[in-house]
Structures are given as C-alpha cells and as structure tokens.
$ cat model-v4.txt   # compact mmCIF, C-alpha atoms
# COMPACT_ATOMS: atom_id res chain seq x y z
CA VAL A 1 -2.59 -9.95 -0.92
CA ARG A 2 0.03 -7.41 0.18
CA ALA A 3 -0.42 -4.00 1.81
CA PHE A 4 2.04 -1.44 0.42
CA ASP A 5 0.92 2.07 1.38
CA HIS A 6 -1.54 4.08 3.46
CA ASN A 7 -2.98 7.57 3.81
CA VAL A 8 -4.28 9.14 7.02
CA ARG A 9 -6.86 11.88 6.44
CA SER A 10 -8.56 14.44 8.65
CA SER A 11 -10.80 17.44 7.99
CA ASP A 12 -9.45 18.97 11.20
CA VAL A 13 -7.24 21.77 9.87
CA ALA A 14 -5.04 21.63 12.95
CA SER A 15 -4.19 17.97 12.26
CA VAL A 16 -3.20 18.29 8.60
CA GLY A 17 0.55 18.02 8.19
CA GLU A 18 1.18 16.29 11.52
CA ILE A 19 3.29 13.16 11.44
CA ALA A 20 1.18 10.04 11.89
CA PRO A 21 2.97 7.55 14.19
CA ALA A 22 2.95 4.77 11.57
CA ARG A 23 4.85 7.01 9.19
CA ALA A 24 7.36 8.57 11.55
CA ILE A 25 10.08 6.17 10.45
CA GLU A 26 13.27 7.73 9.16
CA HIS A 27 15.22 6.13 6.33
CA GLU A 28 18.96 5.76 6.35
CA GLY A 29 20.43 9.06 5.25
CA GLY A 30 17.41 11.05 6.50
CA GLY A 31 13.96 11.65 5.09
CA SER A 32 10.71 9.92 5.84
CA GLY A 33 8.70 7.48 3.74
CA ARG A 34 6.83 10.21 1.91
CA GLY A 35 9.73 12.58 1.42
CA PRO A 36 10.56 15.61 3.55
CA ALA A 37 7.95 17.93 2.01
CA ALA A 38 4.90 15.64 2.12
CA PRO A 39 2.28 15.98 4.89
CA ARG A 40 1.66 12.93 7.04
CA VAL A 41 -2.00 13.72 7.64
CA GLN A 42 -3.83 14.86 4.54
CA ASN A 43 -7.14 16.56 3.87
CA PRO A 44 -10.00 14.38 2.60
CA ALA A 45 -9.79 14.33 -1.20
CA GLY A 46 -12.70 16.44 -2.42
CA LEU A 47 -12.01 15.76 -6.10
CA VAL A 48 -13.93 13.15 -8.08
CA HIS A 49 -11.21 10.74 -9.14
CA ALA A 50 -9.91 7.20 -9.57
CA ASP A 51 -6.49 6.24 -8.20
CA TYR A 52 -5.03 4.50 -11.27
CA THR A 53 -5.13 4.67 -15.06
CA ARG A 54 -4.55 2.19 -17.87
CA SER A 55 -0.91 3.25 -17.81
CA SER A 56 -0.23 3.76 -14.10
CA ALA A 57 -1.85 0.56 -12.78
CA PRO A 58 0.52 -1.87 -14.57
CA ARG A 59 3.42 0.50 -13.92
CA ARG A 60 2.66 0.56 -10.18
CA LEU A 61 2.46 -3.23 -10.13
CA ARG A 62 5.85 -3.42 -11.82
CA ASP A 63 7.27 -0.89 -9.34
CA LEU A 64 6.29 -3.19 -6.46
CA SER A 65 8.55 -5.89 -7.90
CA ASP A 66 11.50 -3.46 -8.00
CA PRO A 67 13.47 -1.98 -5.09
CA PRO A 68 11.29 0.61 -3.32
CA LYS A 69 11.40 4.23 -4.44
CA MET A 70 12.26 7.18 -2.20
CA ASN A 71 8.65 7.91 -1.23
CA ASP A 72 7.63 4.28 -0.59
CA VAL A 73 6.71 3.65 3.03
CA LEU A 74 7.89 0.05 2.55
CA ARG A 75 11.57 0.93 2.42
CA PRO A 76 12.34 0.50 6.16
CA ARG A 77 10.37 -2.74 6.45
CA LEU A 78 11.91 -4.34 3.38
CA ALA A 79 15.37 -3.28 4.53
CA ALA A 80 14.75 -4.79 7.97
CA GLU A 81 13.66 -8.05 6.34
CA ASN A 82 16.62 -7.98 3.94
CA ARG A 83 14.28 -8.02 0.95
CA THR A 84 14.74 -6.10 -2.28
CA SER A 85 11.06 -5.90 -3.31
CA LEU A 86 7.55 -6.52 -2.01
CA LEU A 87 6.44 -8.75 -4.89
CA ASP A 88 8.09 -11.60 -6.75
CA PRO A 89 9.19 -10.25 -10.16
CA ALA A 90 8.26 -13.55 -11.86
CA VAL A 91 4.70 -13.39 -10.50
CA VAL A 92 4.35 -9.75 -11.53
CA ARG A 93 5.60 -10.56 -15.01
CA GLU A 94 2.93 -13.24 -15.36
CA ALA A 95 0.27 -10.74 -14.23
CA LEU A 96 1.45 -8.10 -16.70
CA GLU A 97 1.43 -10.70 -19.47
CA GLY A 98 -2.22 -11.49 -18.71
CA ARG A 99 -1.60 -14.91 -17.18
CA ARG A 100 -2.74 -13.73 -13.74
CA ARG A 101 -5.48 -11.32 -12.73
CA TYR A 102 -4.41 -8.48 -10.45
CA SER A 103 -6.15 -5.71 -8.56
CA PHE A 104 -5.47 -2.75 -6.30
CA VAL A 105 -7.88 -2.47 -3.37
CA ASN A 106 -8.07 0.21 -0.67
CA VAL A 107 -9.33 -0.70 2.80
CA TRP A 108 -11.04 2.49 4.02
CA ARG A 109 -12.21 2.98 7.59
CA SER A 110 -12.66 5.50 10.39
CA ILE A 111 -9.95 5.87 13.03
CA ASP A 112 -12.11 7.98 15.34
CA ALA A 113 -13.06 5.99 18.44
CA GLU A 114 -15.43 8.72 19.63
CA GLY A 115 -17.92 8.78 16.78
CA PRO A 116 -18.81 7.91 13.17
CA VAL A 117 -17.59 9.58 9.97
CA ARG A 118 -19.87 12.48 9.12
CA ASN A 119 -17.87 15.52 8.11
CA PRO A 120 -17.16 14.82 5.28
CA PRO A 121 -18.18 11.28 4.28
CA LEU A 122 -16.94 9.34 1.24
CA ALA A 123 -19.08 8.61 -1.83
CA CYS A 124 -18.53 6.25 -4.77
CA VAL A 125 -19.81 6.15 -8.36
CA ASP A 126 -21.60 3.09 -9.73
CA ALA A 127 -19.04 1.85 -12.27
CA ALA A 128 -21.76 0.98 -14.76
CA THR A 129 -22.72 4.66 -15.04
CA ALA A 130 -19.23 5.96 -15.89
CA SER A 131 -17.30 6.04 -19.16
CA VAL A 132 -13.74 6.76 -20.25
CA ASP A 133 -15.23 9.81 -22.00
CA ASP A 134 -15.68 11.27 -18.49
CA LEU A 135 -12.03 10.87 -17.51
CA ARG A 136 -8.98 13.10 -17.73
CA THR A 137 -5.46 11.95 -16.81
CA PHE A 138 -3.67 13.79 -14.00
CA LYS A 139 0.05 13.17 -13.50
CA ILE A 140 1.66 13.15 -10.03
CA HIS A 141 5.41 13.74 -10.01
CA TYR A 142 7.35 12.16 -7.16
CA VAL A 143 11.11 12.35 -6.59
CA ASP A 144 11.86 9.24 -8.65
CA ARG A 145 8.63 8.15 -10.30
CA VAL A 146 5.50 9.54 -11.96
CA GLY A 147 2.01 8.41 -10.97
CA GLU A 148 -1.30 9.01 -12.71
CA ASN A 149 -4.90 9.40 -11.56
CA TYR A 150 -8.11 9.80 -13.49
CA PHE A 151 -10.01 12.98 -12.68
CA VAL A 152 -13.66 13.03 -13.71
CA CYS A 153 -14.70 15.77 -16.10
CA PRO A 154 -17.86 14.78 -17.99
CA PRO A 155 -18.13 16.13 -21.55
CA PRO A 156 -20.08 19.38 -22.08
CA GLY A 157 -23.83 18.84 -22.01
CA SER A 158 -23.64 15.50 -20.22
CA HIS A 159 -25.58 16.89 -17.24
CA SER A 160 -28.54 17.78 -19.48
CA PRO A 161 -29.06 14.67 -21.60
CA PRO A 162 -32.17 13.79 -23.61
CA ALA A 163 -34.70 11.96 -21.47
CA SER A 164 -34.28 8.80 -23.55
CA SER A 165 -30.55 8.56 -22.79
CA SER A 166 -30.27 9.89 -19.21
CA SER A 167 -29.21 6.50 -17.90
CA ASP A 168 -26.24 6.62 -20.30
CA ARG A 169 -25.01 10.08 -19.32
CA GLU A 170 -25.48 10.51 -15.58
CA HIS A 171 -23.45 9.08 -12.71
CA SER A 172 -25.14 7.21 -9.87
CA TRP A 173 -23.56 7.86 -6.47
CA TYR A 174 -23.64 5.80 -3.28
CA PHE A 175 -22.28 6.27 0.22
CA TYR A 176 -22.39 4.57 3.60
CA PRO A 177 -23.38 7.11 6.29
CA ASP A 178 -22.10 7.12 9.86
CA MET A 179 -19.35 4.53 9.37
CA THR A 180 -17.60 3.57 12.62
CA MET A 181 -14.23 2.04 13.47
CA GLN A 182 -15.88 -1.38 13.44
CA GLU A 183 -16.72 -1.05 9.74
CA ALA A 184 -14.53 -0.94 6.64
CA LEU A 185 -15.17 -0.18 2.99
CA LEU A 186 -13.25 -2.02 0.27
CA LEU A 187 -12.63 0.27 -2.70
CA LYS A 188 -11.48 -1.49 -5.86
CA GLN A 189 -9.01 0.95 -7.39
CA TRP A 190 -8.04 -1.19 -10.37
CA ASP A 191 -8.96 -4.62 -11.70
CA SER A 192 -7.12 -6.04 -14.70
CA ALA A 193 -10.24 -8.06 -15.58
CA GLY A 194 -12.52 -5.01 -15.70
CA GLY A 195 -14.13 -3.63 -18.82
CA VAL A 196 -12.10 -0.41 -19.06
CA ALA A 197 -8.88 -2.26 -18.21
CA CYS A 198 -9.58 -4.64 -21.10
CA GLY A 199 -10.07 -1.79 -23.57
CA ALA A 200 -13.80 -1.06 -23.33
CA ARG A 201 -15.11 2.50 -23.04
CA SER A 202 -17.19 1.66 -19.96
CA ASP A 203 -17.63 -1.02 -17.31
CA ARG A 204 -21.13 -2.09 -18.26
CA ALA A 205 -21.00 -5.85 -17.84
CA GLU A 206 -23.76 -6.63 -20.33
CA ARG A 207 -21.85 -4.75 -23.05
CA ASN A 208 -18.29 -5.79 -22.36
CA ALA A 209 -18.10 -9.44 -21.28
CA ASP A 210 -16.82 -11.75 -23.98
CA GLU A 211 -17.36 -15.52 -24.10
CA SER A 212 -14.57 -16.07 -21.55
CA GLY A 213 -16.19 -13.65 -19.11
CA ARG A 214 -13.22 -11.26 -19.20
CA GLY A 215 -14.00 -7.58 -19.25
CA GLY A 216 -17.41 -8.04 -17.65
CA GLY A 217 -16.82 -6.37 -14.28
CA SER A 218 -15.89 -3.00 -12.90
CA THR A 219 -12.35 -1.70 -13.31
CA PHE A 220 -12.22 0.94 -10.58
CA THR A 221 -14.18 2.94 -8.03
CA ILE A 222 -14.53 6.62 -8.85
CA HIS A 223 -14.86 8.34 -5.49
CA SER A 224 -14.70 11.61 -3.58
CA ALA A 225 -15.30 13.19 -0.21
CA PHE A 226 -18.41 15.37 -0.31
CA VAL A 227 -20.38 17.82 1.80
CA ASP A 228 -23.53 16.17 3.14
CA PRO A 229 -26.11 19.00 3.49
CA SER A 230 -27.95 17.04 6.18
CA ILE A 231 -24.91 17.14 8.49
CA SER A 232 -24.10 20.18 10.59
CA PRO A 233 -20.76 21.86 9.71
CA ALA A 234 -20.12 21.78 13.48
CA SER A 235 -19.99 17.97 13.45
CA PRO A 236 -16.67 16.47 14.53
CA PRO A 237 -14.08 16.37 11.72
CA ARG A 238 -13.49 13.17 9.84
CA LYS A 239 -10.52 11.00 10.82
CA SER A 240 -9.92 8.10 8.47
CA ILE A 241 -7.28 5.84 6.97
CA GLU A 242 -7.03 4.01 3.68
CA VAL A 243 -4.61 1.10 3.36
CA ARG A 244 -3.57 0.30 -0.18
CA CYS A 245 -3.31 -3.37 -1.06
CA VAL A 246 -2.32 -5.31 -4.16
CA VAL A 247 -4.06 -8.60 -4.96
CA ILE A 248 -2.75 -11.16 -7.46
CA TRP A 249 -4.80 -14.23 -8.34
CA GLU A 250 -3.49 -17.73 -8.99
CA LYS A 251 -2.00 -18.36 -12.41
CA GLU A 252 -4.60 -18.82 -15.15
CA ASN A 253 -4.44 -21.92 -17.35
$ encode --input "model-v4.txt" --output "structure tokens"
Amino acid sequence: VRAFDHNVRSSDVASVGEIAPARAIEHEGGGSGRGPAAPRVQNPAGLVHADYTRSSAPRRLRDLSDPPKMNDVLRPRLAAENRTSLLDPAVVREALEGRRRYSFVNVWRSIDAEGPVRNPPLACVDAATASVDDLRTFKIHYVDRVGENYFVCPPPGSHSPPASSSSDREHSWYFYPDMTMQEALLLKQWDSAGGVACGARSDRAERNADESGRGGGSTFTIHSAFVDPSISPASPPRKSIEVRCVVIWEKEN
C-alpha cells in the first residue's frame, strides 16, 4: 500500500485556493506539486463521478512506476529519497499483465476538530445499482499527462422505469452523516478484480463472477457531495481531506 496524492476540500469560499501546508513544497526550478495555476484547497466535488476509467486506471498505475510528472506531489519526496519512482516497475508490470490484483483506494475524513461534516456531506452509489450505460468519460488535461474520470449521466428515461425493472434502472445512494475526525471512509476508486474492470457492463456479483471468482465484486465507488435538506445552510462549512492510495496484492499463482 502506497499513498501518492491528496486533496484538501472546503465549502468555505474564503478557504478555496489557499495553499494547504502539506502542499506548500516548491520543486527545483519553481512551481508547486500541483502546478502554479492549481488551487491548494478545492471545493467539494458536487458532480456524480468515479475517479478512474478502464483506460485511466491502468495508465495511472503505470505512471506511478515512472518518474513523477510535473503535477505529482511525490516529486520532492522521491527526490529527497533519491528514488526515481514510487512503485517497482516489475511489480506494476505483473499487475498490468493480470498476475497481481491492484486497486486505488481513497481514505476520506474530516479535518475539522470543532465539529462533524454536515455542509455538504459525501454520498456513494451502491455499485450493484450502476451500469457502464450510465457513464460518460471526462478527460482531464495536465501539463504532461491526461487523466480520465467517469461522470454519471443515466440514459434518457432511466428515472422513470417500468415497475418490474426499477431495481435495474435506479441508483441506490448511501452516506454516513456527521462524520468526525476520528472516523474515516475508505472509497474504492478502482479494483482490477471488479466486474466492470473485467469487461462486464455492471458490478452485480451474481451476474459477473466466473468459476474463479474474478469479476464478482465492485470496481469503483461512484460518489458526490450533496446538499442535505435536513441540514441548515448556516451549518459550518465542510473541511475534509482524501488521501489517494494504491494497493497491489501478492503475485497470483
């Protein structure tokens, strides 16, 4: 397990764009880990999305076995440790060839010592209720690489399905209210053993698992910040952090 990135978020407008202490490290030649134009504190992401796609997940894993890119926060640490990459290229190659399972997991938690997260909280979709038919690819262009997310855009008519098929067409959402600094949520952003990652159109375990058990679990967590109507708009703004981690399992026989 290796941590390789993080995002600090706040719904306090005055805080957005400030430099978070953990990111105020300058690279040789100038410029910070995110690039000179990127905010250090970001707004909560109010778009229903998943962080990786079938293309960008393996590409991001491969990137972590290469020298860090301009916007990678790892550059100063790897340079200080005299290392050229976070991950062993041989191990990554085995994972990309299917001989090791790999996953990206975000550790999400509040950083507000004065109260719980309320405005706005984070919600997640039950993976078994989503399908690739709901997803659209969104490209993110950095200085020296291109990332991809999935944005959720259900097909027309999917919100008014026949009664007999409603369980097939509607998303089920869950969230953990009033999370404090003593609690953390693990968000699986990609799993190479998941149904969608293995080529299925959805992550429904009972439909996807083959005799080996591969493709029977969830691939990713579709998620979004949302406005909870039971919470006063005057509630303290959310302050949170997500730390992005990569997990690679032992070599499969």
$ closest_residue --input "model-v4.txt" --among "A:Ile222, A:Leu185, A:Val73, A:Leu87" --to "Leu47 in chain A" --atoms "only C-alpha atoms"
A:Ile222
$ residues_around --input "model-v4.txt" --residues "range 93-109 of chain A" --least-positions-apart "4" --cutoff "8 Å" --atoms "only C-alpha atoms" --output "VMD selection string"
chain A and resid 58 62 89 179 to 181 183 to 193 240 to 253
$ atom_distance --input "model-v4.txt" --atom1 "CA of Asp178 in chain A" --atom2 "CA of His223 in chain A"
17.0 Å
$ residues_around --input "model-v4.txt" --residues "Thr53 in chain A" --least-positions-apart "4" --cutoff "10 Å" --atoms "all atoms listed in the file" --output "PyMOL selection string"
chain A and resi 57-59+135-138+147-151+189-190+196-197+219-220
$ closest_residue --input "model-v4.txt" --among "A:Gly195, A:Pro229, A:Tyr174, A:Val132" --to "Ala50 in chain A" --atoms "all atoms listed in the file"
A:Val132
$ atom_distance --input "model-v4.txt" --atom1 "CA of Asp66 in chain A" --atom2 "CA of Asn7 in chain A"
21.7 Å
$ closest_residue --input "model-v4.txt" --among "A:Arg2, A:Ala128, A:Ser172, A:Asp203" --to "Asp88 in chain A" --atoms "only C-alpha atoms"
A:Arg2
$ closest_residue --input "model-v4.txt" --among "A:Ser235, A:Ser85, A:Ser230, A:Ser56" --to "Lys139 in chain A" --atoms "only C-alpha atoms"
A:Ser56
$ residues_around --input "model-v4.txt" --residues "range 117-125 of chain A" --least-positions-apart "3" --cutoff "8 Å" --atoms "all atoms listed in the file" --output "count of residues only"
32
$ atom_distance --input "model-v4.txt" --atom1 "CA of Gly217 in chain A" --atom2 "CA of Leu86 in chain A"
27.3 Å
$ residues_around --input "model-v4.txt" --residues "range 143-145 of chain A" --least-positions-apart "6" --cutoff "8 Å" --atoms "all atoms listed in the file" --output "MDAnalysis selection string"
chainID A and resid 69:71
$ decode --input "model-v4.txt" --residues "range 189-205 of chain A" --atoms "N, CA, C and O atoms" --output "short mmCIF file (atom, residue, chain, number, x, y, z; two decimals), in the first residue's frame"
data_model
loop_
_atom_site.label_atom_id
_atom_site.label_comp_id
_atom_site.auth_asym_id
_atom_site.auth_seq_id
_atom_site.Cartn_x
_atom_site.Cartn_y
_atom_site.Cartn_z
N GLN A 189 -11.74 3.30 -5.47
CA GLN A 189 -11.85 4.06 -6.71
C GLN A 189 -11.60 3.20 -7.95
O GLN A 189 -12.03 3.58 -9.05
N TRP A 190 -10.92 2.11 -7.78
CA TRP A 190 -10.76 1.14 -8.87
C TRP A 190 -10.27 -0.17 -8.30
O TRP A 190 -9.44 -0.18 -7.39
N ASP A 191 -10.80 -1.28 -8.84
CA ASP A 191 -10.37 -2.61 -8.43
C ASP A 191 -10.26 -3.46 -9.69
O ASP A 191 -11.25 -3.66 -10.39
N SER A 192 -9.06 -3.92 -9.98
CA SER A 192 -8.84 -4.68 -11.20
C SER A 192 -9.60 -6.00 -11.22
O SER A 192 -9.74 -6.62 -12.28
N ALA A 193 -10.10 -6.45 -10.06
CA ALA A 193 -10.87 -7.68 -9.99
C ALA A 193 -12.38 -7.44 -10.05
O ALA A 193 -13.16 -8.38 -9.95
N GLY A 194 -12.80 -6.18 -10.20
CA GLY A 194 -14.22 -5.87 -10.24
C GLY A 194 -14.87 -6.25 -11.55
O GLY A 194 -14.21 -6.49 -12.56
N GLY A 195 -16.20 -6.30 -11.53
CA GLY A 195 -16.94 -6.70 -12.72
C GLY A 195 -16.69 -5.82 -13.92
O GLY A 195 -16.37 -6.29 -15.01
N VAL A 196 -16.85 -4.49 -13.75
CA VAL A 196 -16.65 -3.56 -14.86
C VAL A 196 -15.20 -3.60 -15.33
O VAL A 196 -14.92 -3.57 -16.53
N ALA A 197 -14.25 -3.69 -14.41
CA ALA A 197 -12.84 -3.75 -14.79
C ALA A 197 -12.54 -4.98 -15.62
O ALA A 197 -11.66 -4.96 -16.49
N CYS A 198 -13.30 -6.06 -15.39
CA CYS A 198 -13.08 -7.31 -16.12
C CYS A 198 -13.93 -7.41 -17.38
O CYS A 198 -14.00 -8.48 -18.00
N GLY A 199 -14.60 -6.30 -17.74
CA GLY A 199 -15.32 -6.28 -19.01
C GLY A 199 -16.82 -6.38 -18.92
O GLY A 199 -17.51 -6.29 -19.94
N ALA A 200 -17.37 -6.56 -17.70
CA ALA A 200 -18.82 -6.64 -17.56
C ALA A 200 -19.46 -5.26 -17.69
O ALA A 200 -18.78 -4.23 -17.56
N ARG A 201 -20.75 -5.21 -17.91
CA ARG A 201 -21.45 -3.94 -18.04
C ARG A 201 -21.90 -3.39 -16.68
O ARG A 201 -22.33 -2.24 -16.59
N SER A 202 -21.83 -4.22 -15.64
CA SER A 202 -22.18 -3.75 -14.30
C SER A 202 -21.38 -4.55 -13.28
O SER A 202 -20.69 -5.51 -13.63
N ASP A 203 -21.51 -4.16 -12.02
CA ASP A 203 -20.78 -4.83 -10.94
C ASP A 203 -21.67 -5.74 -10.11
O ASP A 203 -21.41 -5.96 -8.94
N ARG A 204 -22.69 -6.29 -10.71
CA ARG A 204 -23.57 -7.18 -9.96
C ARG A 204 -22.90 -8.54 -9.82
O ARG A 204 -22.74 -9.27 -10.79
N ALA A 205 -22.53 -8.86 -8.59
CA ALA A 205 -21.71 -10.05 -8.34
C ALA A 205 -22.37 -11.32 -8.87
O ALA A 205 -21.71 -12.19 -9.44
#
